[in-house]
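Enquirer: Before I ask anything, let me first share the structure, which is written out below as structure tokens.
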Amino acid sequence: MTSPSWLTVTRGNTPLLVSLPHTGIDLVDIEPQLTSRWLGQRDCDWWIDKLYDFAAGLGATVVHTAISRTVIDVNRDPSGVSLYPGQTTTGLCPTETFDGDPLYRIGEEPTPADIDRRRQTYFEPYHAALAAELKRLRALHPKVVLYDCHSIRSVIPRLFDGELPVFNFGTNDGKSADPALQKLVTDIIAGGGKSWVVNGRFKGGWITRHYGNPADGVHALQMELSNRGYMREPIGPVGPDNWPVPYDPDFAAPMRKTLTNILETALGWART
């Protein structure tokens with residue numbers, strides 16, 4: 001089956017699948033309903049696709065959507081149930097930004113029918129691709145690592161207190177991956193001299209929780225990076241004049257080195 005133009009699947013044969021669910025900025029047909037294009041794209045995981053563009057060279061399978069999370073968030077429970085009960089978060093089809101700004105013009109918010117259409121058009125194909133690639137890789141390997149890539153601004157008072165650590169590593173409180181793999185990745189980030197936390201504010205979204213099944217050989221990890229770890233991020237409120245900042249390969253190089261180490265280590269573990 002031919003994939004839609006917004007969905008890219010780069011196939012590798014090593015026991016590693018890299019998921020890029022939030023790097024898209026395509027607003028497709030909803031832009032006229034939005035308060036502004038910039039707000040509709042502001043919460044993108046900026047430049048994460050560039051940061052991890054070495055993954056295919058490791059033989060990883062890479063699944064990427066170009067659709068903005070404003071259209072539909074493929075890392076949320078498709079039923080709409082919150083992944084973080086009691087905490088502020090955004091939904092399957094967000095109506096406000098991370099900072100609480102309304103995304104839609106008054107009266108133009110998505111209806112249940114709109115949400116269902118977006119789920120069928122964008123959410124389901126992305127997850128069909130993830131499921132198919134995991135099945136293919138599991139047929140080749142006894143265990144597979146699913147690595148879900150994310151980033152977020154370092155300071156967003158509505159979502160978390162203070163400044164977020166640079167590395168926010170999640171395994172759904174240890175349920176989505178083998179403890180040995182979790183320790184290997186934790187040792188790398190703990191030894192890098194940057195702030196870090198495991199299963200803190202971001203424990204893993206729908207992708208990590210839904211597919212991570214160590215008993216069945218699928219070990220899912222989520223890495224949420226604070227933007228300052230690889231971008232010249234302005235700390236505090238951002239506007240169209242200062243966000244997003246351009247991608248600077250030289251500034252991002254130390255982070256890429258650490259991430260390369262993490263993925264190579266995860267691959268080595270999966271091959272044992």
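Residue names in the structure tokens use chain letters A, B, ... in the order shown, residue numbers from 1 in each chain, and ligand numbers from 1 in the order shown.
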Report as JSON lines: every residue of region 13-98 of chain A with an atom at most 12 Å from region 212-219 of chain A, its closest pair of atoms, and their distance in Å to one decimal, counting only C-alpha atoms, with rows sorted by chain and ascending residue number.
Expert:
{"residue": "A:Pro15", "atom": "CA", "partner": "A:Val218", "partner_atom": "CA", "distance": 9.5}
{"residue": "A:Leu16", "atom": "CA", "partner": "A:His219", "partner_atom": "CA", "distance": 9.6}
{"residue": "A:Leu17", "atom": "CA", "partner": "A:Val218", "partner_atom": "CA", "distance": 10.1}
{"residue": "A:Val18", "atom": "CA", "partner": "A:His219", "partner_atom": "CA", "distance": 11.9}
Enquirer: For the structure I just gave you, how does DSSP split region 48-104 of chain A - specifically, which residues are alpha helix (DSSP H)? Reply as number ranges by chain.
Expert: A: 48-51
Enquirer: Extract the full set of strand (DSSP E) residues from region 22-270 of chain A according to DSSP on the backbone, and format it as a PyMOL selection string.
Expert: chain A and resi 61-65+144-152+167-170+196-198+218-226
Enquirer: Find the residues around Ala180 (chain A) up to 12 Å (only C-alpha atoms counted), leave out those fewer than 5 positions away in its own chain, and share them as a list in words.
Expert: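 Those residues are Thr171, Gly174, Val185, Thr186, Asp187, Pro214, His219, Thr265, Ala266, Trp269, Ala270 and Thr272 of chain A.
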Enquirer: Could you give me, as a list in words, the residues within 7 Å of Phe202 (chain A), counting only C-alpha atoms and dropping anything in the same chain fewer than 3 positions from it?
Expert: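 Once the nearby chain positions are removed, what remains is Asn168, Gly170 and Asn199 of chain A.
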Enquirer: Mind checking which residues fall within 8 Å of region 164-167 of chain A, counting only C-alpha atoms, ignoring those fewer than 6 positions away in the same chain, and posting them as a list in words?
Expert: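 Here the answer would be Ser154, Val155, Ile189, Lys194, Ser195, Trp196, Val197, Met223, Glu224, Leu225, Ser226, Asn227, Arg228 and Gly229 of chain A.
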Enquirer: Selected residues, N, CA, C and O atoms, written as an mmCIF file, in the first residue's frame, please.
Expert:
data_model
loop_
_atom_site.group_PDB
_atom_site.id
_atom_site.type_symbol
_atom_site.label_atom_id
_atom_site.label_comp_id
_atom_site.auth_asym_id
_atom_site.auth_seq_id
_atom_site.Cartn_x
_atom_site.Cartn_y
_atom_site.Cartn_z
ATOM 1 N N SER A 154 11.824 25.041 27.417
ATOM 2 C CA SER A 154 12.335 24.747 28.756
ATOM 3 C C SER A 154 11.474 25.309 29.878
ATOM 4 O O SER A 154 11.487 24.782 30.993
ATOM 5 N N VAL A 155 10.762 26.388 29.592
ATOM 6 C CA VAL A 155 9.947 27.041 30.618
ATOM 7 C C VAL A 155 8.538 27.264 30.082
ATOM 8 O O VAL A 155 8.342 28.065 29.159
ATOM 9 N N ILE A 189 22.797 9.644 30.027
ATOM 10 C CA ILE A 189 22.358 11.021 30.271
ATOM 11 C C ILE A 189 22.859 11.535 31.623
ATOM 12 O O ILE A 189 23.142 12.726 31.779
ATOM 13 N N LYS A 194 24.534 17.366 31.915
ATOM 14 C CA LYS A 194 23.311 18.148 31.759
ATOM 15 C C LYS A 194 22.256 17.636 32.734
ATOM 16 O O LYS A 194 22.296 16.488 33.180
ATOM 17 N N SER A 195 21.288 18.487 33.047
ATOM 18 C CA SER A 195 20.216 18.078 33.962
ATOM 19 C C SER A 195 19.364 16.989 33.312
ATOM 20 O O SER A 195 19.191 16.941 32.094
ATOM 21 N N TRP A 196 18.821 16.102 34.137
ATOM 22 C CA TRP A 196 18.068 14.969 33.604
ATOM 23 C C TRP A 196 17.098 14.446 34.654
ATOM 24 O O TRP A 196 17.237 14.704 35.849
ATOM 25 N N VAL A 197 16.114 13.699 34.170
ATOM 26 C CA VAL A 197 15.169 13.015 35.047
ATOM 27 C C VAL A 197 14.620 11.812 34.284
ATOM 28 O O VAL A 197 14.537 11.833 33.051
ATOM 29 N N MET A 223 12.047 10.110 24.669
ATOM 30 C CA MET A 223 13.021 11.118 25.075
ATOM 31 C C MET A 223 12.457 12.501 24.754
ATOM 32 O O MET A 223 12.291 12.860 23.588
ATOM 33 N N GLU A 224 12.145 13.236 25.804
ATOM 34 C CA GLU A 224 11.681 14.625 25.682
ATOM 35 C C GLU A 224 12.866 15.519 26.029
ATOM 36 O O GLU A 224 13.343 15.520 27.167
ATOM 37 N N LEU A 225 13.341 16.267 25.055
ATOM 38 C CA LEU A 225 14.474 17.164 25.255
ATOM 39 C C LEU A 225 13.985 18.589 25.475
ATOM 40 O O LEU A 225 13.079 19.045 24.767
ATOM 41 N N SER A 226 14.565 19.279 26.428
ATOM 42 C CA SER A 226 14.326 20.716 26.502
ATOM 43 C C SER A 226 15.042 21.370 25.328
ATOM 44 O O SER A 226 16.184 21.016 25.000
ATOM 45 N N ASN A 227 14.383 22.325 24.704
ATOM 46 C CA ASN A 227 14.949 22.926 23.495
ATOM 47 C C ASN A 227 16.337 23.509 23.706
ATOM 48 O O ASN A 227 17.170 23.496 22.791
ATOM 49 N N ARG A 228 16.617 24.015 24.907
ATOM 50 C CA ARG A 228 17.913 24.650 25.134
ATOM 51 C C ARG A 228 19.073 23.670 25.005
ATOM 52 O O ARG A 228 20.226 24.085 24.869
ATOM 53 N N GLY A 229 18.769 22.378 25.032
ATOM 54 C CA GLY A 229 19.823 21.385 24.907
ATOM 55 C C GLY A 229 20.421 21.300 23.521
ATOM 56 O O GLY A 229 21.541 20.793 23.358
#
Enquirer: Find the spatial neighbours of Arg119 (chain A), counting only C-alpha atoms, within a cut-off of 9 Å - ignore same-chain residues fewer than 3 positions away - and output them as a list in words.
Expert: Ile72, Val74, Pro78, Leu92, Asp114, Ile115, Asp116, Tyr122, Phe123, Glu124 and Pro125 of chain A
Enquirer: What's the separation between CA of Leu83 (chain A) and CA of Ala177 (chain A), in Å to one decimal place?
Expert: 18.0 Å
